[in-house]
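> My structure is below; once you've seen it, I'll send some questions.
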Amino acid sequence: MRISLFAVGRLKAGPEKDLASRYLDRFAKAGPAVGLELSKLVEVQESRAANAETRKREEAGALEKALPEGAVLILLDERGKTLDSEAFAGLIGRYRDGGKRDLMLAIGGADGLDADLRSRADMVLNLGSMTWPHQLVRILIAEQLYRAVTILSGHPYHRA
């Protein structure tokens, strides 16, 4: 299964980008052994529209353009469901085992996610009840993707 990461906003060069890249690289190297492939990282510029609803709608349109046909869509949003690492790995494994070819994880912009996009998503995931800057969310989800691969493969990285 090909996994893509979509993000509104671009990471500038620096420690956040380096750390996110490190975990995505680990995922890309370890994933094929369990049938997971890092497909792409899509970064789009934040909308410059005058109001939040229009910005969210424009950013959702950019996501829809990047979303492969038939892909599973998981949105990262504060109103989503909280999973522990093992449950997240299990979710990815079930999509993979169910024959899903593509999965996209999406990080919205500063205004959040469009309501229509949220209702269309296969899952809305919450990384905790605290609010995180988008740069850290990118690192957190990259690490959790790598952790999911290690859980699915039985590697000792995840010690539960």
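Within each chain, counting starts at residue 1; across the structure tokens, chains are named A, B, ... in the order shown, with ligands numbered 1 upward in that order.
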What are the DSSP helix (DSSP H, G or I) residues of segment 5-115 of chain A, as a ChimeraX atom specification?
/A:15-34,52-66,85-97,115
> When DSSP is applied to the backbone of this structure, which of chain A are assigned strand (DSSP E or B)? Write them out as a PyMOL selection string.
chain A and resi 2-8+37-44+72-82+102-107+109+112+123-126
> Show which residues sit within 12 Å of Met130 of chain A, as a PyMOL selection string. Count only C-alpha atoms, and ignore same-chain residues fewer than 5 positions away.
chain A and resi 77-79+82+136-137
> If we count only C-alpha atoms, what is near segment 70-74 of chain A at a cut-off of 9 Å, once residues fewer than 5 positions away on the same chain are taken out, given as a PDB file with all heavy atoms, in the first residue's frame?

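Final file, around.pdb:
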ATOM      1  N   TYR A  95      -6.151  -1.676   6.587  1.00  0.00           N
ATOM      2  CA  TYR A  95      -6.351  -1.089   5.256  1.00  0.00           C
ATOM      3  C   TYR A  95      -5.499  -1.817   4.225  1.00  0.00           C
ATOM      4  O   TYR A  95      -5.962  -2.145   3.139  1.00  0.00           O
ATOM      5  CB  TYR A  95      -6.021   0.411   5.252  1.00  0.00           C
ATOM      6  CG  TYR A  95      -7.084   1.291   5.857  1.00  0.00           C
ATOM      7  CD1 TYR A  95      -6.761   2.241   6.821  1.00  0.00           C
ATOM      8  CD2 TYR A  95      -8.415   1.202   5.467  1.00  0.00           C
ATOM      9  CE1 TYR A  95      -7.726   3.066   7.372  1.00  0.00           C
ATOM     10  CE2 TYR A  95      -9.392   2.024   6.018  1.00  0.00           C
ATOM     11  CZ  TYR A  95      -9.039   2.947   6.965  1.00  0.00           C
ATOM     12  OH  TYR A  95      -9.996   3.766   7.513  1.00  0.00           O
ATOM     13  N   LYS A 100      -6.528  -2.069   0.112  1.00  0.00           N
ATOM     14  CA  LYS A 100      -6.446  -0.655  -0.251  1.00  0.00           C
ATOM     15  C   LYS A 100      -5.081  -0.384  -0.870  1.00  0.00           C
ATOM     16  O   LYS A 100      -4.054  -0.816  -0.360  1.00  0.00           O
ATOM     17  CB  LYS A 100      -6.660   0.237   0.967  1.00  0.00           C
ATOM     18  CG  LYS A 100      -8.047   0.138   1.550  1.00  0.00           C
ATOM     19  CD  LYS A 100      -9.077   0.646   0.576  1.00  0.00           C
ATOM     20  CE  LYS A 100     -10.468   0.643   1.173  1.00  0.00           C
ATOM     21  NZ  LYS A 100     -11.459   1.116   0.232  1.00  0.00           N
ATOM     22  N   ARG A 101      -5.075   0.317  -1.981  1.00  0.00           N
ATOM     23  CA  ARG A 101      -3.826   0.575  -2.708  1.00  0.00           C
ATOM     24  C   ARG A 101      -3.131   1.852  -2.242  1.00  0.00           C
ATOM     25  O   ARG A 101      -1.920   1.953  -2.269  1.00  0.00           O
ATOM     26  CB  ARG A 101      -4.133   0.655  -4.205  1.00  0.00           C
ATOM     27  CG  ARG A 101      -2.936   0.816  -5.068  1.00  0.00           C
ATOM     28  CD  ARG A 101      -2.112  -0.457  -5.117  1.00  0.00           C
ATOM     29  NE  ARG A 101      -0.930  -0.218  -5.929  1.00  0.00           N
ATOM     30  CZ  ARG A 101       0.310  -0.409  -5.503  1.00  0.00           C
ATOM     31  NH1 ARG A 101       0.540  -0.869  -4.308  1.00  0.00           N
ATOM     32  NH2 ARG A 101       1.325  -0.166  -6.289  1.00  0.00           N
ATOM     33  N   ASP A 102      -3.938   2.849  -1.838  1.00  0.00           N
ATOM     34  CA  ASP A 102      -3.380   4.147  -1.454  1.00  0.00           C
ATOM     35  C   ASP A 102      -4.019   4.636  -0.163  1.00  0.00           C
ATOM     36  O   ASP A 102      -5.212   4.440   0.059  1.00  0.00           O
ATOM     37  CB  ASP A 102      -3.635   5.193  -2.541  1.00  0.00           C
ATOM     38  CG  ASP A 102      -2.837   4.929  -3.796  1.00  0.00           C
ATOM     39  OD1 ASP A 102      -1.625   5.192  -3.781  1.00  0.00           O
ATOM     40  OD2 ASP A 102      -3.430   4.450  -4.783  1.00  0.00           O
ATOM     41  N   LEU A 103      -3.201   5.313   0.644  1.00  0.00           N
ATOM     42  CA  LEU A 103      -3.665   5.952   1.875  1.00  0.00           C
ATOM     43  C   LEU A 103      -2.986   7.303   1.960  1.00  0.00           C
ATOM     44  O   LEU A 103      -1.782   7.400   1.708  1.00  0.00           O
ATOM     45  CB  LEU A 103      -3.301   5.097   3.086  1.00  0.00           C
ATOM     46  CG  LEU A 103      -3.754   5.606   4.450  1.00  0.00           C
ATOM     47  CD1 LEU A 103      -4.091   4.420   5.350  1.00  0.00           C
ATOM     48  CD2 LEU A 103      -2.717   6.469   5.119  1.00  0.00           C
ATOM     49  N   MET A 104      -3.760   8.327   2.260  1.00  0.00           N
ATOM     50  CA  MET A 104      -3.177   9.656   2.424  1.00  0.00           C
ATOM     51  C   MET A 104      -3.519  10.184   3.810  1.00  0.00           C
ATOM     52  O   MET A 104      -4.673  10.155   4.228  1.00  0.00           O
ATOM     53  CB  MET A 104      -3.674  10.635   1.369  1.00  0.00           C
ATOM     54  CG  MET A 104      -3.047  12.015   1.509  1.00  0.00           C
ATOM     55  SD  MET A 104      -3.445  13.130   0.161  1.00  0.00           S
ATOM     56  CE  MET A 104      -2.287  12.591  -1.081  1.00  0.00           C
ATOM     57  N   LEU A 105      -2.489  10.653   4.507  1.00  0.00           N
ATOM     58  CA  LEU A 105      -2.638  11.346   5.789  1.00  0.00           C
ATOM     59  C   LEU A 105      -2.515  12.830   5.494  1.00  0.00           C
ATOM     60  O   LEU A 105      -1.588  13.246   4.796  1.00  0.00           O
ATOM     61  CB  LEU A 105      -1.536  10.915   6.744  1.00  0.00           C
ATOM     62  CG  LEU A 105      -1.644   9.483   7.227  1.00  0.00           C
ATOM     63  CD1 LEU A 105      -0.279   8.884   7.453  1.00  0.00           C
ATOM     64  CD2 LEU A 105      -2.455   9.439   8.498  1.00  0.00           C
ATOM     65  N   ALA A 106      -3.440  13.629   6.018  1.00  0.00           N
ATOM     66  CA  ALA A 106      -3.456  15.047   5.674  1.00  0.00           C
ATOM     67  C   ALA A 106      -3.421  15.936   6.905  1.00  0.00           C
ATOM     68  O   ALA A 106      -4.192  15.746   7.847  1.00  0.00           O
ATOM     69  CB  ALA A 106      -4.698  15.371   4.841  1.00  0.00           C
ATOM     70  N   ARG A 120     -16.099  13.571   4.445  1.00  0.00           N
ATOM     71  CA  ARG A 120     -15.727  12.629   3.390  1.00  0.00           C
ATOM     72  C   ARG A 120     -14.597  11.696   3.819  1.00  0.00           C
ATOM     73  O   ARG A 120     -14.395  10.629   3.262  1.00  0.00           O
ATOM     74  CB  ARG A 120     -15.318  13.435   2.148  1.00  0.00           C
ATOM     75  CG  ARG A 120     -14.791  12.636   0.975  1.00  0.00           C
ATOM     76  CD  ARG A 120     -13.261  12.846   0.865  1.00  0.00           C
ATOM     77  NE  ARG A 120     -12.669  12.193  -0.263  1.00  0.00           N
ATOM     78  CZ  ARG A 120     -12.118  10.972  -0.213  1.00  0.00           C
ATOM     79  NH1 ARG A 120     -12.137  10.279   0.884  1.00  0.00           N
ATOM     80  NH2 ARG A 120     -11.557  10.457  -1.269  1.00  0.00           N
ATOM     81  N   ALA A 121     -13.848  12.077   4.835  1.00  0.00           N
ATOM     82  CA  ALA A 121     -12.672  11.309   5.263  1.00  0.00           C
ATOM     83  C   ALA A 121     -13.060   9.934   5.791  1.00  0.00           C
ATOM     84  O   ALA A 121     -14.135   9.750   6.361  1.00  0.00           O
ATOM     85  CB  ALA A 121     -11.916  12.074   6.345  1.00  0.00           C
ATOM     86  N   ASP A 122     -12.169   8.989   5.603  1.00  0.00           N
ATOM     87  CA  ASP A 122     -12.369   7.647   6.143  1.00  0.00           C
ATOM     88  C   ASP A 122     -12.154   7.643   7.651  1.00  0.00           C
ATOM     89  O   ASP A 122     -12.749   6.838   8.361  1.00  0.00           O
ATOM     90  CB  ASP A 122     -11.405   6.661   5.469  1.00  0.00           C
ATOM     91  CG  ASP A 122     -11.710   6.528   3.998  1.00  0.00           C
ATOM     92  OD1 ASP A 122     -12.661   5.813   3.653  1.00  0.00           O
ATOM     93  OD2 ASP A 122     -11.003   7.172   3.181  1.00  0.00           O
ATOM     94  N   MET A 123     -11.288   8.535   8.110  1.00  0.00           N
ATOM     95  CA  MET A 123     -11.035   8.652   9.543  1.00  0.00           C
ATOM     96  C   MET A 123     -10.491  10.041   9.833  1.00  0.00           C
ATOM     97  O   MET A 123      -9.759  10.614   9.028  1.00  0.00           O
ATOM     98  CB  MET A 123     -10.027   7.616  10.007  1.00  0.00           C
ATOM     99  CG  MET A 123      -9.679   7.771  11.467  1.00  0.00           C
ATOM    100  SD  MET A 123      -8.719   6.409  12.055  1.00  0.00           S
ATOM    101  CE  MET A 123      -9.124   6.528  13.769  1.00  0.00           C
ATOM    102  N   VAL A 124     -10.853  10.556  10.993  1.00  0.00           N
ATOM    103  CA  VAL A 124     -10.277  11.800  11.485  1.00  0.00           C
ATOM    104  C   VAL A 124      -9.527  11.419  12.752  1.00  0.00           C
ATOM    105  O   VAL A 124     -10.097  10.855  13.681  1.00  0.00           O
ATOM    106  CB  VAL A 124     -11.359  12.871  11.751  1.00  0.00           C
ATOM    107  CG1 VAL A 124     -10.713  14.161  12.242  1.00  0.00           C
ATOM    108  CG2 VAL A 124     -12.182  13.117  10.489  1.00  0.00           C
ATOM    109  N   LEU A 125      -8.238  11.694  12.756  1.00  0.00           N
ATOM    110  CA  LEU A 125      -7.333  11.260  13.807  1.00  0.00           C
ATOM    111  C   LEU A 125      -6.823  12.456  14.595  1.00  0.00           C
ATOM    112  O   LEU A 125      -6.486  13.488  14.030  1.00  0.00           O
ATOM    113  CB  LEU A 125      -6.156  10.509  13.169  1.00  0.00           C
ATOM    114  CG  LEU A 125      -5.088   9.931  14.070  1.00  0.00           C
ATOM    115  CD1 LEU A 125      -5.672   8.840  14.956  1.00  0.00           C
ATOM    116  CD2 LEU A 125      -3.959   9.353  13.220  1.00  0.00           C
TER     117      LEU A 125
END
> Can you list, as a VMD selection string, every protein, DNA or RNA residue that comes within 6 Å of Leu38 of chain A when you count only C-alpha atoms, leaving out same-chain residues fewer than 5 positions away?
chain A and resid 2 to 3 28
> Write out as JSON lines the residues of segment 43-107 of chain A that have any atom within 10 Å of an atom of segment 8-17 of chain A, one row each with the nearest atom pair and its distance in Å to one decimal, counting only C-alpha atoms, sorted by chain and then rising number.

{"residue": "A:Glu43", "atom": "CA", "partner": "A:Arg10", "partner_atom": "CA", "distance": 5.7}
{"residue": "A:Val44", "atom": "CA", "partner": "A:Val8", "partner_atom": "CA", "distance": 5.0}
{"residue": "A:Gln45", "atom": "CA", "partner": "A:Gly9", "partner_atom": "CA", "distance": 5.0}
{"residue": "A:Glu46", "atom": "CA", "partner": "A:Gly9", "partner_atom": "CA", "distance": 5.5}
{"residue": "A:Ser47", "atom": "CA", "partner": "A:Val8", "partner_atom": "CA", "distance": 8.7}
{"residue": "A:Glu59", "atom": "CA", "partner": "A:Val8", "partner_atom": "CA", "distance": 7.1}
{"residue": "A:Ala60", "atom": "CA", "partner": "A:Val8", "partner_atom": "CA", "distance": 9.5}
{"residue": "A:Ala62", "atom": "CA", "partner": "A:Val8", "partner_atom": "CA", "distance": 9.0}
{"residue": "A:Leu63", "atom": "CA", "partner": "A:Val8", "partner_atom": "CA", "distance": 8.8}
{"residue": "A:Ala106", "atom": "CA", "partner": "A:Val8", "partner_atom": "CA", "distance": 8.3}
{"residue": "A:Ile107", "atom": "CA", "partner": "A:Val8", "partner_atom": "CA", "distance": 6.3}
> For C-alpha atoms, I'd like the residues from the last selection saved as an mmCIF file, in the first residue's frame.

data_model
loop_
_atom_site.group_PDB
_atom_site.id
_atom_site.type_symbol
_atom_site.label_atom_id
_atom_site.label_comp_id
_atom_site.auth_asym_id
_atom_site.auth_seq_id
_atom_site.Cartn_x
_atom_site.Cartn_y
_atom_site.Cartn_z
ATOM 1 C CA GLU A 43 3.177 20.383 0.452
ATOM 2 C CA VAL A 44 0.857 23.168 -0.635
ATOM 3 C CA GLN A 45 1.012 26.835 0.202
ATOM 4 C CA GLU A 46 -1.509 28.168 2.685
ATOM 5 C CA SER A 47 -4.455 29.902 1.067
ATOM 6 C CA GLU A 59 -6.895 24.034 0.867
ATOM 7 C CA ALA A 60 -9.392 21.147 0.688
ATOM 8 C CA ALA A 62 -5.693 21.247 -3.229
ATOM 9 C CA LEU A 63 -5.946 18.068 -1.165
ATOM 10 C CA ALA A 106 -3.456 15.047 5.674
ATOM 11 C CA ILE A 107 -2.372 17.928 7.890
#
> Leaving out Leu127 of chain A and any residue of its chain fewer than 5 positions from it, which residues lie within 12 Å of it when counting only C-alpha atoms, given as a count of residues only?
24
> Pick from A:Ser4, A:Leu19, A:Leu152, A:Phe27: nearest to Gly90 of chain A, with only C-alpha atoms counted?
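For Gly90 of chain A, the nearest of the given residues is A:Leu152.
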> Please compute the atom CA of Ala87 of chain A-atom CA of Met1 of chain A distance, one decimal, in Å.
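We find that atom CA of Ala87 of chain A and atom CA of Met1 of chain A lie 17.8 Å from each other.
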> Identify which of the residues A:Gly98, A:Pro32, A:Pro68, A:Gly128 lies closest to Thr150 of chain A, counting only C-alpha atoms when measuring atom-to-atom distances.
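For Thr150 of chain A, the nearest of the candidates is A:Pro32.
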